[in-house]
file structure_23.cif (mmCIF, C-alpha atoms)
data_work
loop_
_atom_site.label_atom_id
_atom_site.label_comp_id
_atom_site.auth_asym_id
_atom_site.auth_seq_id
_atom_site.Cartn_x
_atom_site.Cartn_y
_atom_site.Cartn_z
CA MET A 4 -10.32 -32.27 -27.19
CA GLN A 5 -13.00 -30.02 -25.80
CA GLY A 6 -13.50 -29.46 -22.11
CA ARG A 7 -16.57 -30.52 -20.20
CA LEU A 8 -17.87 -27.04 -19.57
CA SER A 9 -17.24 -26.03 -23.14
CA ALA A 10 -19.26 -28.99 -24.36
CA TRP A 11 -22.07 -28.19 -21.95
CA LEU A 12 -22.21 -24.56 -23.04
CA ALA A 13 -22.19 -25.56 -26.67
CA LYS A 14 -25.04 -27.99 -26.04
CA HIS A 15 -27.12 -25.16 -24.61
CA GLY A 16 -26.18 -22.81 -27.40
CA LEU A 17 -24.18 -20.27 -25.41
CA VAL A 18 -21.58 -18.41 -27.40
CA HIS A 19 -18.06 -18.85 -26.12
CA ARG A 20 -14.63 -19.78 -27.36
CA SER A 21 -12.52 -22.47 -25.80
CA LEU A 22 -8.94 -21.38 -25.22
CA GLY A 23 -7.65 -24.82 -24.37
CA PHE A 24 -6.15 -26.00 -21.15
CA ASP A 25 -3.41 -24.35 -19.15
CA TYR A 26 -0.45 -26.11 -17.61
CA GLN A 27 -2.44 -27.29 -14.60
CA GLY A 28 -5.20 -28.77 -16.72
CA ILE A 29 -7.75 -26.05 -16.01
CA GLU A 30 -9.91 -25.40 -18.99
CA THR A 31 -10.02 -21.80 -20.16
CA LEU A 32 -12.92 -20.21 -21.95
CA GLN A 33 -13.37 -16.81 -23.52
CA ILE A 34 -16.68 -15.01 -23.09
CA LYS A 35 -17.78 -11.85 -24.83
CA PRO A 36 -18.30 -8.86 -22.53
CA GLY A 37 -21.83 -8.47 -23.87
CA ASP A 38 -22.79 -12.00 -22.79
CA TRP A 39 -20.98 -12.00 -19.48
CA HIS A 40 -23.98 -10.94 -17.44
CA SER A 41 -25.99 -14.01 -18.32
CA ILE A 42 -23.16 -16.51 -18.41
CA ALA A 43 -21.94 -15.48 -14.95
CA VAL A 44 -25.32 -16.34 -13.45
CA ILE A 45 -25.52 -19.52 -15.52
CA LEU A 46 -22.15 -20.65 -14.16
CA TYR A 47 -23.23 -19.86 -10.62
CA VAL A 48 -26.34 -21.93 -11.03
CA TYR A 49 -24.33 -24.69 -12.74
CA GLY A 50 -22.39 -25.09 -9.53
CA TYR A 51 -19.38 -22.80 -9.49
CA ASN A 52 -20.08 -21.01 -6.27
CA TYR A 53 -16.61 -19.71 -5.46
CA LEU A 54 -14.59 -17.12 -7.31
CA CYS A 55 -11.01 -18.00 -6.39
CA SER A 56 -9.45 -15.01 -7.99
CA GLN A 57 -10.28 -12.23 -10.36
CA CYS A 58 -7.35 -10.64 -12.05
CA ALA A 59 -6.75 -8.58 -15.13
CA TYR A 60 -3.94 -8.03 -17.55
CA ASP A 61 -3.09 -6.00 -20.57
CA VAL A 62 -2.80 -8.16 -23.68
CA ALA A 63 -0.80 -5.82 -25.86
CA PRO A 64 -0.04 -2.09 -25.90
CA GLY A 65 -2.94 -0.64 -27.84
CA GLY A 66 -4.71 -4.02 -27.78
CA LEU A 67 -7.32 -5.57 -25.54
CA LEU A 68 -7.64 -5.67 -21.77
CA ALA A 69 -8.37 -9.08 -20.28
CA SER A 70 -10.29 -9.75 -17.10
CA VAL A 71 -9.72 -13.27 -15.81
CA TYR A 72 -11.96 -15.17 -13.42
CA HIS A 73 -10.96 -18.44 -11.77
CA LEU A 74 -14.04 -20.30 -10.58
CA THR A 75 -14.40 -23.45 -8.60
CA ARG A 76 -16.99 -25.36 -6.72
CA ILE A 77 -16.93 -25.50 -2.95
CA ALA A 78 -19.10 -27.99 -1.14
CA TYR A 79 -18.82 -30.26 1.83
CA GLY A 80 -16.84 -33.39 1.16
CA ILE A 81 -15.37 -32.46 -2.20
CA ASP A 82 -11.75 -33.44 -2.59
CA GLN A 83 -10.68 -32.31 -6.08
CA PRO A 84 -13.12 -29.62 -7.10
CA GLU A 85 -13.50 -28.86 -10.76
CA GLU A 86 -12.07 -25.50 -11.77
CA VAL A 87 -12.52 -23.31 -14.76
CA CYS A 88 -10.93 -20.10 -15.94
CA ILE A 89 -12.99 -17.49 -17.80
CA LYS A 90 -11.40 -14.65 -19.72
CA VAL A 91 -13.33 -11.62 -20.83
CA PHE A 92 -11.58 -9.35 -23.30
CA ALA A 93 -12.57 -5.71 -23.39
CA PRO A 94 -11.47 -3.22 -26.04
CA ARG A 95 -9.27 -0.39 -24.95
CA TRP A 96 -11.52 2.35 -26.29
CA ASN A 97 -14.46 1.12 -24.19
CA PRO A 98 -13.17 -1.02 -21.32
CA ARG A 99 -16.48 -1.81 -19.65
CA ILE A 100 -17.27 -5.21 -18.20
CA LEU A 101 -20.14 -6.12 -15.98
CA SER A 102 -19.20 -6.55 -12.34
CA VAL A 103 -19.83 -9.98 -10.89
CA PHE A 104 -20.00 -8.66 -7.34
CA TRP A 105 -23.68 -9.50 -7.15
CA VAL A 106 -22.93 -13.12 -8.10
CA TRP A 107 -19.70 -13.80 -6.20
CA LYS A 108 -18.99 -11.42 -3.34
CA SER A 109 -15.23 -11.96 -3.37
CA ALA A 110 -15.01 -9.90 -6.54
CA ASP A 111 -15.38 -6.66 -4.60
CA PHE A 112 -11.80 -5.69 -3.81
CA GLN A 113 -10.36 -7.65 -6.72
CA GLU A 114 -12.36 -5.72 -9.27
CA ARG A 115 -11.40 -2.49 -7.58
CA LYS A 116 -7.77 -3.48 -7.98
CA SER A 117 -8.27 -4.33 -11.67
CA TYR A 118 -9.96 -0.97 -12.10
CA ASP A 119 -7.19 0.82 -10.27
CA MET A 120 -4.35 -0.79 -12.15
CA LEU A 121 -5.78 -1.19 -15.66
CA GLY A 122 -8.75 1.08 -15.95
CA ILE A 123 -11.39 -1.57 -16.64
CA PHE A 124 -14.73 -0.07 -15.58
CA TYR A 125 -16.96 -2.59 -13.87
CA ASP A 126 -20.61 -1.66 -14.33
CA ASN A 127 -22.88 -2.11 -11.35
CA HIS A 128 -20.03 -2.38 -8.90
CA PRO A 129 -21.25 -0.77 -5.66
CA HIS A 130 -18.13 1.23 -4.84
CA LEU A 131 -15.67 1.25 -7.66
CA LYS A 132 -12.81 3.49 -6.67
CA ARG A 133 -9.08 3.26 -6.40
CA ILE A 134 -7.82 0.89 -3.78
CA LEU A 135 -4.03 0.80 -4.02
CA MET A 136 -3.06 4.10 -5.61
CA PRO A 137 -3.95 7.44 -4.03
CA GLU A 138 -7.44 8.60 -4.94
CA SER A 139 -6.22 11.49 -6.98
CA TRP A 140 -3.86 9.49 -9.20
CA ILE A 141 -4.26 9.89 -12.92
CA GLY A 142 -3.49 7.00 -15.20
CA TRP A 143 -3.62 3.24 -15.09
CA PRO A 144 -0.26 1.97 -13.83
CA LEU A 145 -0.20 -1.62 -15.06
CA ARG A 146 -1.11 -0.90 -18.64
CA LYS A 147 1.68 -1.70 -21.02
CA ASP A 148 1.64 1.80 -22.47
CA TYR A 149 1.74 3.57 -19.11
CA ILE A 150 4.51 6.10 -18.63
CA ALA A 151 5.50 6.58 -15.02
CA PRO A 152 5.45 10.22 -13.92
CA ASN A 153 8.84 11.74 -13.49
CA PHE A 154 8.64 13.51 -10.16
CA TYR A 155 11.45 15.86 -9.36
CA GLU A 156 13.27 14.29 -6.45
CA LYS A 157 15.92 16.03 -4.44
CA GLN A 158 18.12 12.98 -4.71
CA ASP A 159 18.15 13.23 -8.50
CA ALA A 160 19.34 16.80 -8.51
CA HIS A 161 23.01 15.89 -8.86
CA LEU B 9 15.74 9.19 32.34
CA SER B 10 12.20 8.18 31.85
CA SER B 11 11.51 5.34 29.52
CA LEU B 12 10.52 5.87 25.94
CA CYS B 13 7.22 4.64 24.64
CA PRO B 14 7.44 3.91 20.97
CA LEU B 15 4.37 3.91 18.80
CA LEU B 16 3.36 0.48 17.53
CA TYR B 17 3.62 1.49 13.92
CA GLY B 18 4.97 -0.35 10.94
CA THR B 19 4.18 -0.56 7.26
CA ASN B 20 6.38 -3.03 5.51
CA CYS B 21 8.96 -5.74 6.06
CA CYS B 22 10.93 -3.76 8.64
CA PHE B 23 7.97 -4.14 10.93
CA ILE B 24 8.75 -7.84 11.24
CA GLU B 25 12.20 -6.84 12.40
CA PHE B 26 10.66 -4.34 14.79
CA ALA B 27 8.39 -7.06 16.10
CA SER B 28 11.36 -9.29 16.71
CA ILE B 29 12.94 -6.53 18.78
CA ILE B 30 9.79 -6.56 20.88
CA GLY B 31 10.10 -10.33 21.26
CA SER B 32 12.03 -12.08 23.93
CA GLN B 33 15.40 -12.50 22.25
CA PHE B 34 16.17 -8.83 21.68
CA ASP B 35 14.12 -7.54 24.48
CA PHE B 36 12.53 -4.16 24.03
CA ASP B 37 11.04 -4.13 27.43
CA HIS B 38 14.21 -4.36 29.43
CA TYR B 39 15.37 -1.04 27.99
CA GLY B 40 12.15 0.34 29.34
CA LEU B 41 10.44 0.71 26.02
CA VAL B 42 6.78 -0.21 26.07
CA PRO B 43 5.07 -0.09 22.71
CA ARG B 44 1.94 2.03 22.76
CA SER B 45 -0.88 1.78 20.28
CA SER B 46 -2.17 5.28 20.77
CA THR B 47 -0.29 8.20 19.31
CA ARG B 48 -1.23 10.47 22.16
CA GLN B 49 0.66 8.26 24.58
CA ALA B 50 3.70 7.56 22.46
CA ASP B 51 6.79 9.67 22.43
CA LEU B 52 8.95 7.83 19.95
CA ILE B 53 7.94 6.87 16.47
CA LEU B 54 10.14 4.42 14.69
CA THR B 55 9.17 4.92 11.10
CA VAL B 56 9.35 1.33 10.04
CA GLY B 57 8.74 0.28 6.50
CA THR B 58 8.27 1.86 3.12
CA VAL B 59 6.10 4.95 3.02
CA THR B 60 4.07 5.41 -0.16
CA MET B 61 2.50 8.62 -1.32
CA LYS B 62 -0.83 7.32 -0.14
CA MET B 63 0.50 6.67 3.36
CA ALA B 64 2.41 9.95 3.66
CA PRO B 65 -0.45 12.17 4.96
CA SER B 66 -1.35 9.50 7.51
CA LEU B 67 2.22 9.34 8.75
CA VAL B 68 2.38 13.10 9.15
CA ARG B 69 -0.90 13.01 11.00
CA LEU B 70 0.44 10.35 13.37
CA TYR B 71 3.53 12.44 13.99
CA GLU B 72 1.49 15.55 14.68
CA GLN B 73 -0.77 13.71 17.06
CA MET B 74 2.10 12.70 19.29
CA SER B 75 2.51 14.95 22.26
CA GLU B 76 5.53 17.13 22.70
CA SER B 77 9.04 15.97 23.27
CA LYS B 78 8.79 13.39 20.54
CA TYR B 79 11.58 11.60 18.78
CA VAL B 80 11.75 9.95 15.40
CA VAL B 81 14.02 7.09 14.45
CA ALA B 82 14.05 6.32 10.77
CA MET B 83 14.52 2.56 10.66
CA GLY B 84 15.44 0.83 7.48
CA ALA B 85 16.70 1.92 4.09
CA CYS B 86 13.24 2.71 2.76
CA THR B 87 12.64 5.46 5.24
CA ILE B 88 16.09 6.96 4.92
CA THR B 89 16.33 7.34 1.16
CA GLY B 90 13.70 5.16 -0.39
CA GLY B 91 15.85 2.04 -0.30
CA MET B 92 15.41 -0.52 -3.01
CA PHE B 93 12.34 1.30 -4.32
CA SER B 94 14.09 4.57 -4.93
CA ILE B 95 15.16 3.85 -8.51
CA ASP B 96 12.03 2.77 -10.30
CA SER B 97 9.01 3.16 -8.10
CA TYR B 98 6.67 5.99 -8.97
CA THR B 99 4.71 6.06 -5.78
CA ILE B 100 7.01 5.85 -2.83
CA VAL B 101 8.38 8.70 -0.83
CA ARG B 102 12.14 8.62 -1.02
CA GLY B 103 13.02 9.19 2.54
CA VAL B 104 10.69 9.99 5.37
CA ASP B 105 12.74 13.10 6.15
CA LYS B 106 10.73 14.77 3.42
CA LEU B 107 7.71 14.47 5.67
CA ILE B 108 8.77 14.65 9.31
CA PRO B 109 11.97 15.73 11.07
CA ILE B 110 14.12 12.76 12.01
CA ASP B 111 16.47 12.35 14.91
CA VAL B 112 18.29 9.13 14.25
CA TYR B 113 18.86 7.30 11.00
CA LEU B 114 19.18 3.57 11.41
CA PRO B 115 20.40 1.97 8.18
CA GLY B 116 19.83 -1.60 7.14
CA CYS B 117 17.46 -3.56 5.00
CA PRO B 118 16.15 -4.54 7.46
CA PRO B 119 18.42 -3.39 10.27
CA LYS B 120 19.34 -6.30 12.48
CA SER B 121 17.47 -6.53 15.73
CA GLU B 122 20.70 -6.00 17.58
CA ALA B 123 21.11 -2.74 15.68
CA GLY B 124 17.64 -1.71 16.76
CA SER B 125 18.32 -2.29 20.41
CA TRP B 126 21.82 -0.81 20.02
CA CYS B 127 20.33 2.41 18.75
CA PHE B 128 18.37 2.88 21.94
CA THR B 129 21.36 2.33 24.18
CA ILE B 130 23.88 4.36 22.26
CA ASN B 131 21.67 7.36 21.66
CA HIS B 132 20.48 7.95 25.13
CA LYS B 133 22.95 10.82 25.32
CA PHE B 134 21.10 12.58 22.55
CA TYR B 135 17.79 12.12 24.20
CA ILE B 136 18.91 13.59 27.52
CA GLY B 137 20.76 16.50 25.95
CA ARG B 138 17.79 17.77 24.01
CA SER B 139 15.04 19.87 25.28
CA THR B 140 11.65 19.99 23.72
CA HIS B 141 10.81 21.25 20.28
CA THR B 142 8.74 24.34 20.40
CA ARG B 143 6.18 24.65 17.72
CA ASN B 144 5.24 28.21 16.96
CA TYR B 145 2.06 28.13 15.03
CA ASP B 146 1.25 31.69 15.93
CA ARG B 147 3.06 34.21 13.80
CA GLU B 148 2.45 37.07 16.20
CA LEU B 149 4.45 35.49 19.00
CA LEU B 150 7.63 37.54 19.24
CA ASN B 151 9.42 36.23 22.27
CA GLN B 152 10.39 32.66 21.64
CA PRO B 153 11.58 30.51 24.50
CA PRO B 154 14.98 29.08 23.60
CA SER B 155 14.95 25.61 22.21
CA THR B 156 17.70 23.41 20.92
CA LEU B 157 16.98 21.46 17.81
CA THR B 158 18.07 17.93 17.17
CA SER B 159 21.55 16.77 16.40
CA GLU B 160 20.82 15.64 12.86
CA ILE B 161 18.90 18.22 10.90
CA PRO B 162 16.89 16.80 8.00
CA LEU B 163 17.28 18.15 4.53
CA GLU B 164 13.75 19.40 4.04
CA ILE B 165 11.56 20.46 6.87
CA PHE B 166 7.81 20.38 6.43
CA PHE B 167 6.55 23.92 5.88
CA LYS B 168 4.92 24.26 9.30
CA TYR B 169 8.14 23.55 11.06
CA ASN B 170 9.80 26.17 8.92
CA LYS B 171 7.81 28.79 10.78
CA SER B 172 9.63 27.94 13.98
CA SER B 173 13.01 28.06 12.29
CA GLU B 174 12.17 31.42 10.69
CA SER B 175 11.28 33.08 13.94
CA SER B 176 14.34 31.80 15.80
CA PRO B 177 17.04 31.84 13.17
CA GLU B 178 20.03 31.65 15.44
CA LEU B 179 19.06 28.20 16.60
CA VAL B 180 19.18 26.43 13.25
CA ASN B 181 22.28 24.24 12.92
#
call {"tool": "encode", "arguments": {"input": "structure_23.cif", "output": "structure tokens"}}
result
Amino acid sequence: MQGRLSAWLAKHGLVHRSLGFDYQGIETLQIKPGDWHSIAVILYVYGYNYLCSQCAYDVAPGGLLASVYHLTRIAYGIDQPEEVCIKVFAPRWNPRILSVFWVWKSADFQERKSYDMLGIFYDNHPHLKRILMPESWIGWPLRKDYIAPNFYEKQDAH
Amino acid sequence: LSSLCPLLYGTNCCFIEFASIIGSQFDFDHYGLVPRSSTRQADLILTVGTVTMKMAPSLVRLYEQMSESKYVVAMGACTITGGMFSIDSYTIVRGVDKLIPIDVYLPGCPPKSEAGSWCFTINHKFYIGRSTHTRNYDRELLNQPPSTLTSEIPLEIFFKYNKSSESSPELVN
């Protein structure tokens, strides 16, 4: 069975893929990184005015990098707001996704963290720099093919 | 003995324990310790909580900003040897004694609040017996006033402090 948002997007001819429903019943859609700039604004206008969380993960070593957006609608008097989860997959050789900072402000620090940990470059982000690791760190720590640097520690000398 | 003023500093979970020492059950204040927010007014820094490589320069800066006759108590396993993060973490500093000289090591994860207040009572002898550190930043200074260093000497002293130990070699250990 297809979700409501998926049916609506299909009716308006917007390319997406429905990834089913997760365990909480939230419908999950996949959007291409090339279309994300228009679909983000379309979703904002549709009603989803709150980005609950933006996270990212590494799908497979040598595979794609996923950027996940959980959207919901906040308004006065709403009890069970509808939620949707959007996944944007970026290839490893060109991990560039458009930043949705200009649509939902809460993406600021969250996209910086996804950049810091996985190396996904968010275009048009106002200040995209490392937030958790030191500024001069090289490498993307949460990638599945990351090798932690082996610092010489005095405690390991024995 | 004048009262110590510890710096209100804490990074990680041990800070909750430090905060409970400040609270009313394990009273900080009746030992005379008043937590200060400004480094210039503090003379004790309890390094509380894990120190990452990103935090390390800030911690050294806080230590250097404290005025003379300062004491450091390393509270918690993370500041002594890196604690539970010492095996696998690639960004934490294993032991704050790599950054600043430490006077007292207080083990525990986190150390109980009674241990925290115990450490102030039991170590008062150390505090009275010491005189001030002298920092000799100027290489040309030949006559050094005598100074006694702390009872527990850390393994690695930050390079600046090595200058003072070079120029007065008979005082080390």
call {"tool": "resolve_selection", "arguments": {"input": "structure_23.cif", "expression": "the PyMOL selection byres ((chain A and resi 118) around 9)", "output": "VMD selection string"}}
result
chain A and resid 59 113 to 117 119 to 125 131 to 134 143
call {"tool": "write_last_selection", "arguments": {"input": "structure_23.cif", "atoms": "C-alpha atoms", "output": "JSON list (two decimals), in the coordinates of the input"}}
result
[["chain", "number", "residue", "atom", "x", "y", "z"],
["A", 59, "ALA", "CA", -6.75, -8.58, -15.13],
["A", 113, "GLN", "CA", -10.36, -7.65, -6.72],
["A", 114, "GLU", "CA", -12.36, -5.72, -9.27],
["A", 115, "ARG", "CA", -11.40, -2.49, -7.58],
["A", 116, "LYS", "CA", -7.77, -3.48, -7.98],
["A", 117, "SER", "CA", -8.27, -4.33, -11.67],
["A", 119, "ASP", "CA", -7.19, 0.82, -10.27],
["A", 120, "MET", "CA", -4.35, -0.79, -12.15],
["A", 121, "LEU", "CA", -5.78, -1.19, -15.66],
["A", 122, "GLY", "CA", -8.75, 1.08, -15.95],
["A", 123, "ILE", "CA", -11.39, -1.57, -16.64],
["A", 124, "PHE", "CA", -14.73, -0.07, -15.58],
["A", 125, "TYR", "CA", -16.96, -2.59, -13.87],
["A", 131, "LEU", "CA", -15.67, 1.25, -7.66],
["A", 132, "LYS", "CA", -12.81, 3.49, -6.67],
["A", 133, "ARG", "CA", -9.08, 3.26, -6.40],
["A", 134, "ILE", "CA", -7.82, 0.89, -3.78],
["A", 143, "TRP", "CA", -3.62, 3.24, -15.09]]
call {"tool": "closest_residue", "arguments": {"input": "structure_23.cif", "among": "B:Tyr98, B:Phe93, B:Phe23, B:Tyr71", "to": "chain A", "atoms": "all atoms listed in the file"}}
result
B:Tyr98
call {"tool": "atom_distance", "arguments": {"input": "structure_23.cif", "atom1": "atom CA of His15 of chain A", "atom2": "atom CA of Ile42 of chain A"}}
result
11.4 Å
call {"tool": "atom_distance", "arguments": {"input": "structure_23.cif", "atom1": "atom CA of Ile24 of chain B", "atom2": "atom CA of Gln49 of chain B"}}
result
22.4 Å
call {"tool": "atom_distance", "arguments": {"input": "structure_23.cif", "atom1": "atom CA of His130 of chain A", "atom2": "atom CA of Asn97 of chain A"}}
result
19.7 Å
call {"tool": "interface_residues", "arguments": {"input": "structure_23.cif", "of": "chain A", "to": "chain B", "cutoff": "7 Å", "atoms": "all atoms listed in the file", "output": "ChimeraX atom specification"}}
result
/A:136-137,151-152
call {"tool": "residues_near_point", "arguments": {"input": "structure_23.cif", "point": "(0.3, -3.6, -18.0)", "cutoff": "9 Å", "atoms": "all atoms listed in the file", "output": "compact mmCIF listing (two decimals) with C-alpha atoms, keeping the file's coordinate frame"}}
result
# COMPACT_ATOMS: atom_id res chain seq x y z
CA TYR A 60 -3.94 -8.03 -17.55
CA ASP A 61 -3.09 -6.00 -20.57
CA VAL A 62 -2.80 -8.16 -23.68
CA ALA A 63 -0.80 -5.82 -25.86
CA PRO A 64 -0.04 -2.09 -25.90
CA MET A 120 -4.35 -0.79 -12.15
CA LEU A 121 -5.78 -1.19 -15.66
CA TRP A 143 -3.62 3.24 -15.09
CA PRO A 144 -0.26 1.97 -13.83
CA LEU A 145 -0.20 -1.62 -15.06
CA ARG A 146 -1.11 -0.90 -18.64
CA LYS A 147 1.68 -1.70 -21.02
CA ASP A 148 1.64 1.80 -22.47
CA TYR A 149 1.74 3.57 -19.11
call {"tool": "residues_around", "arguments": {"input": "structure_23.cif", "residues": "segment 27-43 of chain B", "least_positions_apart": "6", "cutoff": "8 Å", "atoms": "all atoms listed in the file", "output": "JSON, numbers by chain"}}
result
{"B": [11, 12, 13, 14, 15, 16, 50, 121, 122, 124, 125, 128, 129]}
call {"tool": "resolve_selection", "arguments": {"input": "structure_23.cif", "expression": "the PyMOL selection byres ((chain A and resi 87) around 7)", "output": "CSV table (one decimal) with C-alpha atoms, keeping the file's coordinate frame"}}
result
chain,number,residue,atom,x,y,z
A,29,ILE,CA,-7.8,-26.0,-16.0
A,30,GLU,CA,-9.9,-25.4,-19.0
A,31,THR,CA,-10.0,-21.8,-20.2
A,73,HIS,CA,-11.0,-18.4,-11.8
A,74,LEU,CA,-14.0,-20.3,-10.6
A,75,THR,CA,-14.4,-23.4,-8.6
A,85,GLU,CA,-13.5,-28.9,-10.8
A,86,GLU,CA,-12.1,-25.5,-11.8
A,88,CYS,CA,-10.9,-20.1,-15.9
A,89,ILE,CA,-13.0,-17.5,-17.8
call {"tool": "residues_near_point", "arguments": {"input": "structure_23.cif", "point": "(-26.0, -16.8, -27.5)", "cutoff": "12 Å", "atoms": "all atoms listed in the file", "output": "PyMOL selection string"}}
result
chain A and resi 12-20+34-35+37-42
call {"tool": "axis_aligned_box", "arguments": {"input": "structure_23.cif", "around": "segment 150-155 of chain A", "padding_each_side": "6 Å", "output": "AutoDock Vina command-line options"}}
result
--center_x 8.0 --center_y 11.0 --center_z -14.0 --size_x 18.9 --size_y 21.8 --size_z 21.3
call {"tool": "resolve_selection", "arguments": {"input": "structure_23.cif", "expression": "the PyMOL selection byres ((chain A and resi 49-53) around 12)", "output": "PyMOL selection string"}}
result
chain A and resi 8+11-12+42-48+54-57+72-78+84-89+103-104+106-110
call {"tool": "residues_around", "arguments": {"input": "structure_23.cif", "residues": "Gly116 of chain B", "least_positions_apart": "2", "cutoff": "6 Å", "atoms": "only C-alpha atoms", "output": "mmCIF file with C-alpha atoms, in the frame of the given file"}}
result
data_model
loop_
_atom_site.group_PDB
_atom_site.id
_atom_site.type_symbol
_atom_site.label_atom_id
_atom_site.label_comp_id
_atom_site.auth_asym_id
_atom_site.auth_seq_id
_atom_site.Cartn_x
_atom_site.Cartn_y
_atom_site.Cartn_z
ATOM 1 C CA GLY B 84 15.440 0.830 7.480
ATOM 2 C CA ALA B 85 16.700 1.920 4.090
ATOM 3 C CA PRO B 118 16.150 -4.540 7.460
ATOM 4 C CA PRO B 119 18.420 -3.390 10.270
#
call {"tool": "residues_around", "arguments": {"input": "structure_23.cif", "residues": "Val56 of chain B", "least_positions_apart": "4", "cutoff": "9 Å", "atoms": "all atoms listed in the file", "output": "list of chain:residue names"}}
result
B:Tyr17, B:Gly18, B:Thr19, B:Asn20, B:Cys21, B:Cys22, B:Phe23, B:Glu25, B:Phe26, B:Val81, B:Ala82, B:Met83, B:Gly84, B:Cys86, B:Thr87
